[in-house]
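Okay, run.txt is below, compact mmCIF, C-alpha atoms:
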```
# COMPACT_ATOMS: atom_id res chain seq x y z
CA MET A 1 238.73 184.78 121.96
CA ALA A 2 235.96 186.75 123.56
CA SER A 3 236.78 190.40 124.22
CA GLU A 4 235.04 190.37 127.59
CA PRO A 5 237.00 188.77 130.46
CA LEU A 6 236.01 185.12 130.78
CA SER A 7 233.50 184.32 133.49
CA ALA A 8 235.94 181.70 134.80
CA PRO A 9 239.38 180.40 133.86
CA VAL A 10 239.64 177.63 131.31
CA THR A 11 242.24 175.85 133.43
CA ILE A 12 243.80 176.53 136.80
CA THR A 13 246.98 175.32 138.44
CA TRP A 14 246.44 174.36 142.06
CA GLU A 15 249.54 173.86 144.17
CA VAL A 16 247.99 171.77 146.91
CA THR A 17 251.00 171.68 149.24
CA LEU A 18 254.60 172.82 149.50
CA GLY A 19 255.47 169.57 151.24
CA CYS A 20 257.50 167.06 149.27
CA ASN A 21 259.46 163.93 150.08
CA LEU A 22 262.22 165.11 147.73
CA HIS A 23 264.34 168.28 147.79
CA CYS A 24 265.26 168.90 144.15
CA ASP A 25 267.98 171.43 143.41
CA HIS A 26 265.93 173.22 140.75
CA CYS A 27 262.48 173.11 142.40
CA LEU A 28 260.45 175.96 140.95
CA SER A 29 258.29 176.19 144.08
CA GLY A 30 261.06 175.67 146.64
CA SER A 31 259.25 172.64 148.10
CA GLY A 32 260.73 169.97 150.31
CA PRO A 33 260.26 167.71 153.33
CA GLY A 34 258.39 169.57 156.06
CA HIS A 35 257.89 172.63 153.87
CA GLN A 36 254.10 172.55 154.22
CA MET A 37 252.61 175.99 154.80
CA PRO A 38 250.90 176.23 158.20
CA ASN A 39 247.67 177.44 156.61
CA GLU A 40 247.30 175.00 153.70
CA LEU A 41 243.66 174.34 152.84
CA THR A 42 241.98 171.71 154.99
CA THR A 43 240.10 168.86 153.36
CA ALA A 44 236.77 170.61 153.96
CA GLU A 45 238.08 173.91 152.55
CA ALA A 46 239.56 172.15 149.54
CA LYS A 47 236.24 170.42 148.85
CA SER A 48 234.40 173.71 149.17
CA PHE A 49 236.80 175.21 146.62
CA ILE A 50 236.23 172.25 144.28
CA ALA A 51 232.48 172.82 144.51
CA GLU A 52 232.98 176.44 143.46
CA LEU A 53 235.21 175.38 140.56
CA ASP A 54 232.37 173.17 139.40
CA GLU A 55 229.78 175.92 139.80
CA MET A 56 231.97 178.26 137.73
CA ASP A 57 232.43 175.59 135.03
CA VAL A 58 236.22 175.57 135.15
CA PHE A 59 237.14 172.94 132.57
CA GLN A 60 240.48 171.69 133.86
CA VAL A 61 242.53 171.65 137.06
CA ASN A 62 246.27 171.02 137.03
CA ILE A 63 247.38 169.72 140.41
CA GLY A 64 250.94 170.41 141.50
CA GLY A 65 252.96 171.19 144.58
CA GLY A 66 255.17 170.18 146.27
CA GLU A 67 254.36 166.54 145.84
CA PRO A 68 250.56 166.25 145.79
CA PHE A 69 250.53 162.70 147.15
CA VAL A 70 252.15 163.70 150.46
CA ARG A 71 248.74 165.16 151.29
CA PRO A 72 246.90 162.34 153.08
CA ASP A 73 243.60 163.46 151.50
CA MET A 74 244.93 163.78 147.93
CA LEU A 75 243.05 160.80 146.50
CA GLU A 76 239.86 162.00 148.17
CA LEU A 77 240.27 165.44 146.55
CA LEU A 78 241.03 163.94 143.14
CA GLU A 79 237.91 161.81 143.43
CA ALA A 80 235.92 164.96 144.27
CA LEU A 81 237.27 166.71 141.15
CA THR A 82 236.79 163.85 138.70
CA ALA A 83 233.33 163.00 140.09
CA ARG A 84 232.36 166.49 138.93
CA ASP A 85 233.79 165.72 135.48
CA ILE A 86 236.54 168.32 135.82
CA SER A 87 239.57 167.30 133.73
CA THR A 88 242.22 166.67 136.34
CA CYS A 89 245.94 166.61 135.62
CA VAL A 90 248.31 165.59 138.42
CA SER A 91 252.02 166.34 138.41
CA THR A 92 253.94 163.94 140.64
CA ASN A 93 257.54 162.98 141.29
CA GLY A 94 256.47 159.35 140.84
CA THR A 95 257.79 158.03 144.14
CA GLN A 96 254.43 157.76 145.92
CA LEU A 97 252.56 155.61 143.41
CA ASP A 98 252.00 152.31 145.19
CA GLU A 99 249.52 149.80 143.80
CA THR A 100 246.69 150.92 146.09
CA THR A 101 247.12 154.49 144.88
CA LEU A 102 247.20 153.37 141.25
CA ASP A 103 244.05 151.28 141.76
CA ARG A 104 242.17 154.34 142.96
CA LEU A 105 243.64 156.61 140.27
CA GLU A 106 242.69 154.16 137.55
CA ALA A 107 239.07 154.31 138.67
CA MET A 108 238.99 158.10 138.14
CA ASP A 109 238.03 159.78 134.90
CA PRO A 110 238.98 162.22 133.45
CA LEU A 111 242.40 162.02 135.09
CA PHE A 112 245.88 162.39 133.61
CA LEU A 113 249.21 161.85 135.32
CA GLN A 114 252.56 163.54 134.75
CA VAL A 115 255.69 161.95 136.20
CA SER A 116 258.90 163.96 136.49
CA MET A 117 262.16 162.64 135.03
CA ASP A 118 264.93 165.20 134.74
CA GLY A 119 267.46 163.14 132.82
CA LEU A 120 268.76 159.61 132.72
CA ARG A 121 269.94 158.04 136.00
CA ALA A 122 273.06 160.14 136.67
CA GLU A 123 271.58 163.51 135.68
CA ASN A 124 268.18 162.84 137.25
CA ASP A 125 269.55 161.65 140.58
CA ALA A 126 272.09 164.47 140.77
CA ILE A 127 269.15 166.90 140.81
CA ARG A 128 266.33 164.88 142.41
CA GLY A 129 268.20 162.58 144.81
CA GLU A 130 269.94 159.22 144.90
CA GLY A 131 267.77 156.31 143.79
CA VAL A 132 264.87 158.45 142.51
CA TYR A 133 265.46 157.49 138.87
CA ASP A 134 264.95 153.81 139.62
CA GLN A 135 261.76 154.57 141.56
CA VAL A 136 260.39 156.58 138.63
CA VAL A 137 261.27 153.85 136.14
CA ASP A 138 259.49 151.34 138.36
CA ALA A 139 256.40 153.56 138.54
CA LEU A 140 256.34 154.06 134.76
CA GLU A 141 256.68 150.33 134.17
CA ARG A 142 253.68 149.68 136.43
CA LEU A 143 251.71 152.54 134.84
CA GLU A 144 252.26 150.98 131.42
CA ASP A 145 249.68 148.30 132.22
CA ARG A 146 247.18 150.76 133.65
CA ASP A 147 244.45 152.72 131.93
CA ILE A 148 245.84 156.06 133.12
CA GLY A 149 246.97 158.66 130.59
CA THR A 150 250.61 159.22 131.52
CA THR A 151 253.18 161.79 130.47
CA VAL A 152 256.86 162.01 131.37
CA ASN A 153 257.89 165.57 132.17
CA THR A 154 261.43 166.88 131.91
CA VAL A 155 262.65 170.29 133.00
CA VAL A 156 265.34 170.91 130.41
CA THR A 157 268.71 171.85 131.89
CA ARG A 158 272.30 172.22 130.73
CA GLN A 159 272.98 168.78 132.21
CA ASN A 160 270.11 166.80 130.66
CA VAL A 161 269.42 168.41 127.29
CA ALA A 162 271.60 165.81 125.56
CA ASP A 163 269.52 163.04 127.17
CA LEU A 164 266.30 164.14 125.48
CA PRO A 165 266.44 161.66 122.59
CA GLU A 166 266.86 158.76 125.04
CA ILE A 167 264.19 160.07 127.41
CA TYR A 168 261.86 160.41 124.43
CA GLU A 169 262.51 156.79 123.42
CA PHE A 170 262.09 155.63 127.00
CA ALA A 171 258.76 157.40 127.43
CA ASP A 172 257.52 156.12 124.09
CA ALA A 173 258.50 152.55 124.97
CA HIS A 174 256.36 152.83 128.10
CA GLY A 175 253.34 154.22 126.30
CA ALA A 176 253.84 157.68 127.74
CA GLY A 177 254.13 161.01 125.98
CA LEU A 178 256.99 163.42 126.64
CA ARG A 179 256.44 166.97 127.85
CA LEU A 180 259.17 169.54 128.37
CA ASN A 181 259.36 172.57 130.57
CA ARG A 182 262.01 175.24 130.52
CA PHE A 183 264.15 175.66 133.59
CA ARG A 184 263.35 179.04 135.09
CA PRO A 185 264.92 181.11 137.87
CA SER A 186 262.09 180.55 140.31
CA GLY A 187 262.12 178.97 143.78
CA ARG A 188 265.44 177.13 144.30
CA GLY A 189 265.94 177.54 140.56
CA GLU A 190 266.96 181.10 141.30
CA ASP A 191 270.06 179.89 143.17
CA ALA A 192 270.79 177.19 140.56
CA TRP A 193 270.14 179.43 137.56
CA ASP A 194 273.74 179.81 136.40
CA GLU A 195 274.47 176.11 136.95
CA PHE A 196 271.46 174.67 135.10
CA ARG A 197 270.37 177.18 132.47
CA LEU A 198 270.94 176.26 128.85
CA GLU A 199 273.83 177.63 126.85
CA ALA A 200 273.16 179.26 123.50
CA GLU A 201 274.19 176.20 121.47
CA GLN A 202 271.97 173.96 123.61
CA ILE A 203 269.00 176.25 123.05
CA ARG A 204 269.48 175.94 119.30
CA PHE A 205 269.80 172.15 119.61
CA LEU A 206 266.62 172.01 121.68
CA HIS A 207 264.57 173.94 119.18
CA GLU A 208 265.88 171.96 116.22
CA TRP A 209 265.14 168.72 118.07
CA LEU A 210 261.62 169.92 118.87
CA GLU A 211 261.03 170.75 115.23
CA ASP A 212 261.82 167.12 114.43
CA HIS A 213 259.64 165.80 117.26
CA GLN A 214 256.32 167.56 116.91
CA ASP A 215 254.63 165.08 119.25
CA VAL A 216 256.70 166.35 122.18
CA ARG A 217 254.53 168.72 124.16
CA THR A 218 255.94 171.86 125.73
CA GLY A 219 254.35 173.13 128.91
CA ASP A 220 255.75 176.62 129.09
CA SER A 221 254.60 179.74 127.33
CA PHE A 222 258.16 180.50 126.18
CA PHE A 223 258.14 177.42 123.99
CA TYR A 224 255.79 178.98 121.54
CA LEU A 225 258.68 181.20 120.57
CA ASN A 226 261.67 179.61 118.88
CA ALA A 227 265.30 180.52 119.51
CA LEU A 228 264.90 183.54 117.25
CA GLY A 229 261.82 184.74 119.09
CA GLU A 230 259.53 183.68 116.22
CA VAL A 231 256.20 182.00 116.83
CA ARG A 232 256.59 178.21 116.31
CA ASN A 233 252.93 177.27 116.33
CA ASP A 234 249.56 178.60 117.33
CA THR A 235 248.35 176.32 120.09
CA LEU A 236 247.17 177.41 123.52
CA LYS A 237 250.75 177.97 124.63
CA GLN A 238 250.58 181.74 124.54
CA CYS A 239 250.51 183.34 127.95
CA GLY A 240 247.05 183.00 129.44
CA ALA A 241 247.98 184.17 132.92
CA GLY A 242 245.07 186.07 134.36
CA SER A 243 243.00 185.75 131.18
CA MET A 244 242.52 182.00 130.70
CA THR A 245 244.31 180.54 133.70
CA CYS A 246 245.59 181.36 137.15
CA LEU A 247 247.35 179.77 140.08
CA VAL A 248 245.95 178.87 143.49
CA ASP A 249 248.58 178.33 146.15
CA PRO A 250 248.35 175.82 149.04
CA ALA A 251 246.72 178.42 151.30
CA GLY A 252 244.14 179.29 148.65
CA ASP A 253 245.66 182.59 147.54
CA VAL A 254 245.17 183.35 143.86
CA TYR A 255 247.89 184.66 141.49
CA PRO A 256 248.14 185.04 137.70
CA CYS A 257 250.48 182.03 137.34
CA ALA A 258 253.03 179.87 139.15
CA PHE A 259 255.86 182.28 138.46
CA THR A 260 254.18 185.41 139.73
CA GLN A 261 253.43 184.60 143.33
CA TRP A 262 254.15 188.08 144.66
CA ASP A 263 252.02 189.87 147.22
CA HIS A 264 251.29 192.76 144.87
CA LEU A 265 249.85 190.35 142.30
CA ALA A 266 247.67 188.39 144.74
CA SER A 267 244.00 188.80 143.96
CA GLY A 268 242.17 187.19 146.84
CA ASN A 269 241.71 183.90 148.62
CA VAL A 270 239.40 181.11 147.53
CA ILE A 271 238.01 180.65 151.05
CA GLU A 272 238.03 184.16 152.51
CA ASP A 273 236.90 185.93 149.34
CA GLY A 274 235.63 183.10 147.18
CA PHE A 275 237.22 182.07 143.89
CA GLU A 276 234.75 183.94 141.71
CA THR A 277 235.65 187.22 143.41
CA ALA A 278 239.37 186.48 143.17
CA TRP A 279 239.03 185.67 139.47
CA SER A 280 237.22 188.95 138.83
CA GLU A 281 240.11 190.77 140.47
CA ILE A 282 242.56 189.01 138.16
CA ALA A 283 240.99 190.73 135.16
CA ASN A 284 242.20 194.05 136.56
CA LEU A 285 245.74 192.70 136.83
CA ARG A 286 245.60 191.32 133.32
CA SER A 287 244.95 194.71 131.80
CA ARG A 288 248.21 195.88 133.41
CA ILE A 289 250.38 193.05 132.10
CA ASP A 290 249.31 192.76 128.47
CA ASP A 291 251.87 195.20 127.08
CA HIS A 292 255.04 193.43 128.18
CA GLU A 293 257.34 191.43 125.95
CA GLY A 294 258.13 187.84 126.84
CA CYS A 295 256.34 186.67 129.94
CA PRO A 296 254.28 189.74 130.85
CA ALA A 297 253.63 188.72 134.42
CA VAL A 298 257.31 188.14 135.15
CA ALA A 299 258.10 191.50 133.59
CA MET A 300 255.54 193.14 135.82
CA GLY A 301 257.03 191.57 138.91
CA SER A 302 260.61 192.51 138.03
CA SER A 303 262.61 195.48 139.25
CA ASP A 304 261.50 197.36 136.12
CA PRO A 305 257.77 196.64 135.93
CA ASN A 306 257.37 198.66 132.76
CA GLY A 307 260.19 196.94 130.92
CA GLU A 308 260.75 193.68 129.12
CA ASP A 309 260.60 190.36 130.93
CA PRO A 310 264.20 190.15 132.23
CA GLN A 311 264.28 186.37 131.74
CA LEU A 312 263.30 186.52 128.08
CA ARG A 313 266.69 187.12 126.48
CA ALA A 314 268.47 184.66 128.74
CA ILE A 315 265.90 181.93 128.12
CA LEU A 316 265.63 182.43 124.37
CA SER A 317 269.24 183.03 123.48
CA GLY A 318 271.42 182.17 126.47
CA ASP A 319 272.56 185.79 126.92
CA MET B 1 223.22 155.44 109.67
CA PRO B 2 223.42 156.41 113.35
CA THR B 3 220.12 157.74 114.66
CA THR B 4 221.55 159.65 117.60
CA VAL B 5 224.26 162.22 118.23
CA SER B 6 226.18 162.60 121.48
CA LYS B 7 228.68 164.88 123.14
CA PRO B 8 232.04 163.11 123.56
CA ALA B 9 233.30 162.99 127.15
CA HIS B 10 236.41 165.01 126.25
CA ILE B 11 234.31 167.95 125.04
CA LYS B 12 233.43 170.55 127.66
CA PHE B 13 231.48 173.74 127.11
CA ARG B 14 230.05 176.72 128.89
CA ARG B 15 228.13 179.89 128.17
CA GLU B 16 229.90 183.26 128.37
CA ALA B 17 228.57 186.82 128.25
CA ASP B 18 229.02 186.76 124.47
CA GLY B 19 228.49 183.26 123.04
CA GLY B 20 230.40 180.49 124.73
CA LEU B 21 233.47 178.26 124.85
CA VAL B 22 234.05 174.70 123.72
CA TYR B 23 237.11 172.96 125.15
CA ASP B 24 238.49 169.70 123.77
CA HIS B 25 240.99 168.08 126.14
CA GLU B 26 242.33 164.53 126.14
CA ASN B 27 245.85 164.72 127.52
CA TYR B 28 248.00 166.04 130.37
CA GLY B 29 248.43 169.80 130.19
CA TYR B 30 246.75 172.08 127.68
CA GLU B 31 249.22 172.25 124.80
CA ASP B 32 247.34 169.93 122.50
CA ALA B 33 243.92 170.92 123.76
CA SER B 34 241.65 172.93 121.50
CA MET B 35 239.38 175.74 122.47
CA TYR B 36 236.80 177.48 120.33
CA ALA B 37 234.81 180.64 120.92
CA VAL B 38 231.35 179.64 119.68
CA SER B 39 227.96 181.23 119.15
CA ASP B 40 224.99 180.92 121.47
CA THR B 41 223.50 178.49 118.95
CA VAL B 42 226.28 175.96 119.51
CA ILE B 43 225.87 176.19 123.28
CA ASP B 44 222.09 175.89 122.87
CA MET B 45 222.63 172.76 120.79
CA LEU B 46 225.06 171.14 123.23
CA GLU B 47 222.63 171.80 126.06
CA PHE B 48 219.81 170.38 123.94
CA VAL B 49 221.82 167.23 123.15
CA ASP B 50 222.40 166.82 126.90
CA GLY B 51 224.67 163.80 126.54
CA GLU B 52 222.88 161.96 123.72
CA ARG B 53 219.80 162.73 121.62
CA SER B 54 218.09 161.68 118.44
CA ARG B 55 219.81 163.25 115.44
CA GLU B 56 216.43 163.93 113.87
CA ALA B 57 215.32 165.94 116.90
CA VAL B 58 218.52 167.99 116.96
CA GLU B 59 218.32 168.68 113.23
CA ALA B 60 214.69 169.73 113.57
CA GLU B 61 215.47 172.07 116.47
CA PHE B 62 218.51 173.61 114.78
CA SER B 63 219.54 172.58 111.26
CA PRO B 64 221.11 169.57 109.52
CA ASP B 65 224.04 171.76 108.40
CA VAL B 66 224.91 172.85 111.92
CA VAL B 67 224.75 169.27 113.18
CA GLU B 68 226.99 168.11 110.35
CA THR B 69 229.52 170.89 110.99
CA LEU B 70 229.80 170.00 114.68
CA LEU B 71 230.14 166.32 113.83
CA GLN B 72 233.01 167.12 111.46
CA ARG B 73 234.74 169.22 114.15
CA GLY B 74 234.35 166.44 116.70
CA VAL B 75 232.25 168.57 119.02
CA LEU B 76 229.47 166.01 118.51
CA SER B 77 229.89 162.38 117.64
CA ASP B 78 227.63 159.77 116.13
CA GLY B 79 225.71 157.80 118.69
CA GLU B 80 223.87 154.54 118.10
```
How does this structure look as structure tokens?
Amino acid sequence: MASEPLSAPVTITWEVTLGCNLHCDHCLSGSGPGHQMPNELTTAEAKSFIAELDEMDVFQVNIGGGEPFVRPDMLELLEALTARDISTCVSTNGTQLDETTLDRLEAMDPLFLQVSMDGLRAENDAIRGEGVYDQVVDALERLEDRDIGTTVNTVVTRQNVADLPEIYEFADAHGAGLRLNRFRPSGRGEDAWDEFRLEAEQIRFLHEWLEDHQDVRTGDSFFYLNALGEVRNDTLKQCGAGSMTCLVDPAGDVYPCAFTQWDHLASGNVIEDGFETAWSEIANLRSRIDDHEGCPAVAMGSSDPNGEDPQLRAILSGD
Amino acid sequence: MPTTVSKPAHIKFRREADGGLVYDHENYGYEDASMYAVSDTVIDMLEFVDGERSREAVEAEFSPDVVETLLQRGVLSDGE
């Protein structure tokens, strides 16, 4: 990759709201009903930000939250992104996808949808709420007939890791790919860490299963290391926080990634400072986080900012 | 034989201080996306193609070998 800092990120993650109709036990952003921040970007501010993303030639925007579709203007913003030919990926809990919404989504291109399913019915609903599994299955069945690239996403936990083969088959039967994320001690996940994190034997099972299912995508930088800490493959999964990607929170504040939303790592606001300025500031942060093992940004934000990422050993080996 | 070459919709590119980037993305996330650091020549060519252009014109402006290489990598595709 170029030695100079990139003029713009390749992709960004944009958490458009902290509001959500669900209140999942492991939510990495701590979202829930009524959790909207008071200063979330207005429609006009969001559109101004989208125009700057286009001017900077950002290739891809990953929309998350919260639940993006609780924003009344979400479809309008997605249309603004895709009309500018920005690859747009939307992560949703799947409960807000009525036919009118799907009609409008289907007309957008390039747009890709990710629907969360954290286990089969019992495991999923224990975490995400009673009846959510059936709503997600209904949404995936209706998406099957639509021309919308769809992925099922599972945050792998102690409770659902054994369900992965069935979730894989389910997704495949509905024409959807499967994508996994590691459970991390972030947001409400911090409180649920000891309850949900994988045990050592489950981590080994997961990595062996992944080796046999190369088409399963893994949306977390830790996945490019196997259970022994060895590099599994050489895709774009290595940490790109602050060098290739960054996170924009609902108020427009910019951070290296979703897991490093600490004041001392904030690098500006997309409205007050402009995104280009905030991105330039990120390059300064990046030079300070390159030397850490594991997830460098998490290491930097830990109680020992010069040490190893404190989550690394627990996530890789179950220690 | 196709007489035009085009840039597939899933290919995005931009110029950087040193050369440029080509990004190939067709799925949710970025894990199976591809990104290449490329020379100014590749960016010049993609700008010249500007969606779709006669293969003869692109080969004359650059070279048949470069066009063929980018076709093989999927950065360009055959048009009509």
**Request:** Might you pull out every residue within 10 Å of segment 69-71 of chain B, with all atoms listed in the file counted and same-chain residues fewer than 4 positions away left off, and present them as a ChimeraX atom specification?
**Result:** /B:5-7,42,45-46,64-65,75-78
**Asked** Separation of atom CA of Asn160 of chain A and atom CA of Asn181 of chain A, in Å?
**Response** 12.2 Å
May I have the centre and edge lengths, in Å to one decimal, of an axis-aligned box around the listed atoms of segment 270-281 of chain A with 5 Å added to every side, as JSON?
```
{"center_x": 237.4, "center_y": 185.7, "center_z": 145.7, "size_x": 15.4, "size_y": 20.1, "size_z": 23.7}
```
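Using only C-alpha atoms, we find that the part of chain B lying within 9 Å of chain A comprises Ala9, His10, Lys12, Phe13, Arg14, Arg15, Glu16, Ala17, Asp18, Gly19, Gly20, Leu21, Tyr23, His25, Glu26, Asn27, Tyr28, Gly29, Tyr30, Glu31, Asp32, Ala33, Ser34, Met35, Tyr36 and Ala37 of chain B.
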**Request:** Just the residues within 6 Å of Leu18 of chain A, please, counting only C-alpha atoms, with nothing from its chain fewer than 6 positions along; format it as a list in words.
**Result:**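 What passes the distance filter is Ser31, His35, Gln36, Gly65 and Gly66 of chain A.
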**Message:** I'd like the neighbourhood of Ala258 of chain A as a list in words, where a residue qualifies if any of its atoms comes within 8 Å (using all atoms listed in the file), though same-chain residues fewer than 2 positions away should be ignored.
**Reply:**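 After dropping sequence-adjacent residues, the list is Thr13, Cys246, Leu247, Tyr255, Pro256, Thr260 and Gln261 of chain A.
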**Message:** One number please: atom CA of Glu169 of chain A to atom CA of Leu198 of chain A, in Å, one decimal.
**Reply:**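 The value is 21.9 Å.
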**Asked** What gap, in Å, lies between atom CA of Asp73 of chain A and atom CA of Thr43 of chain A?
**Response** 6.7 Å
**Request:** Within 9 Å of Gly30 of chain A, counting only C-alpha atoms, which residues show up once you throw out same-chain ones fewer than 5 positions away? Write them as a PyMOL selection string, please.
**Result:** chain A and resi 18+23-25+35+66+186-189
**Asked** Which protein, DNA or RNA residues are at most 6 Å from (253.1, 154.6, 141.3) in the file's coordinates when you count all atoms listed in the file, listed as a list of chain:residue names?
**Response**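 Residues lying no farther than 6 Å from the given point: A:Gly94, A:Gln96, A:Leu97, A:Asp98, A:Ala139.
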**Message:** as a ChimeraX atom specification, please: the residues near Glu123 of chain A (cut-off 9 Å, only C-alpha atoms, same-chain neighbours under 5 positions excluded).
**Reply:** /A:118,128,159-160,163
Could you save those same residues with C-alpha atoms as an mmCIF file, in the frame of the given file?
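Heads up, here's the output in selection.cif:
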```cif
data_model
loop_
_atom_site.group_PDB
_atom_site.id
_atom_site.type_symbol
_atom_site.label_atom_id
_atom_site.label_comp_id
_atom_site.auth_asym_id
_atom_site.auth_seq_id
_atom_site.Cartn_x
_atom_site.Cartn_y
_atom_site.Cartn_z
ATOM 1 C CA ASP A 118 264.930 165.200 134.740
ATOM 2 C CA ARG A 128 266.330 164.880 142.410
ATOM 3 C CA GLN A 159 272.980 168.780 132.210
ATOM 4 C CA ASN A 160 270.110 166.800 130.660
ATOM 5 C CA ASP A 163 269.520 163.040 127.170
#
```
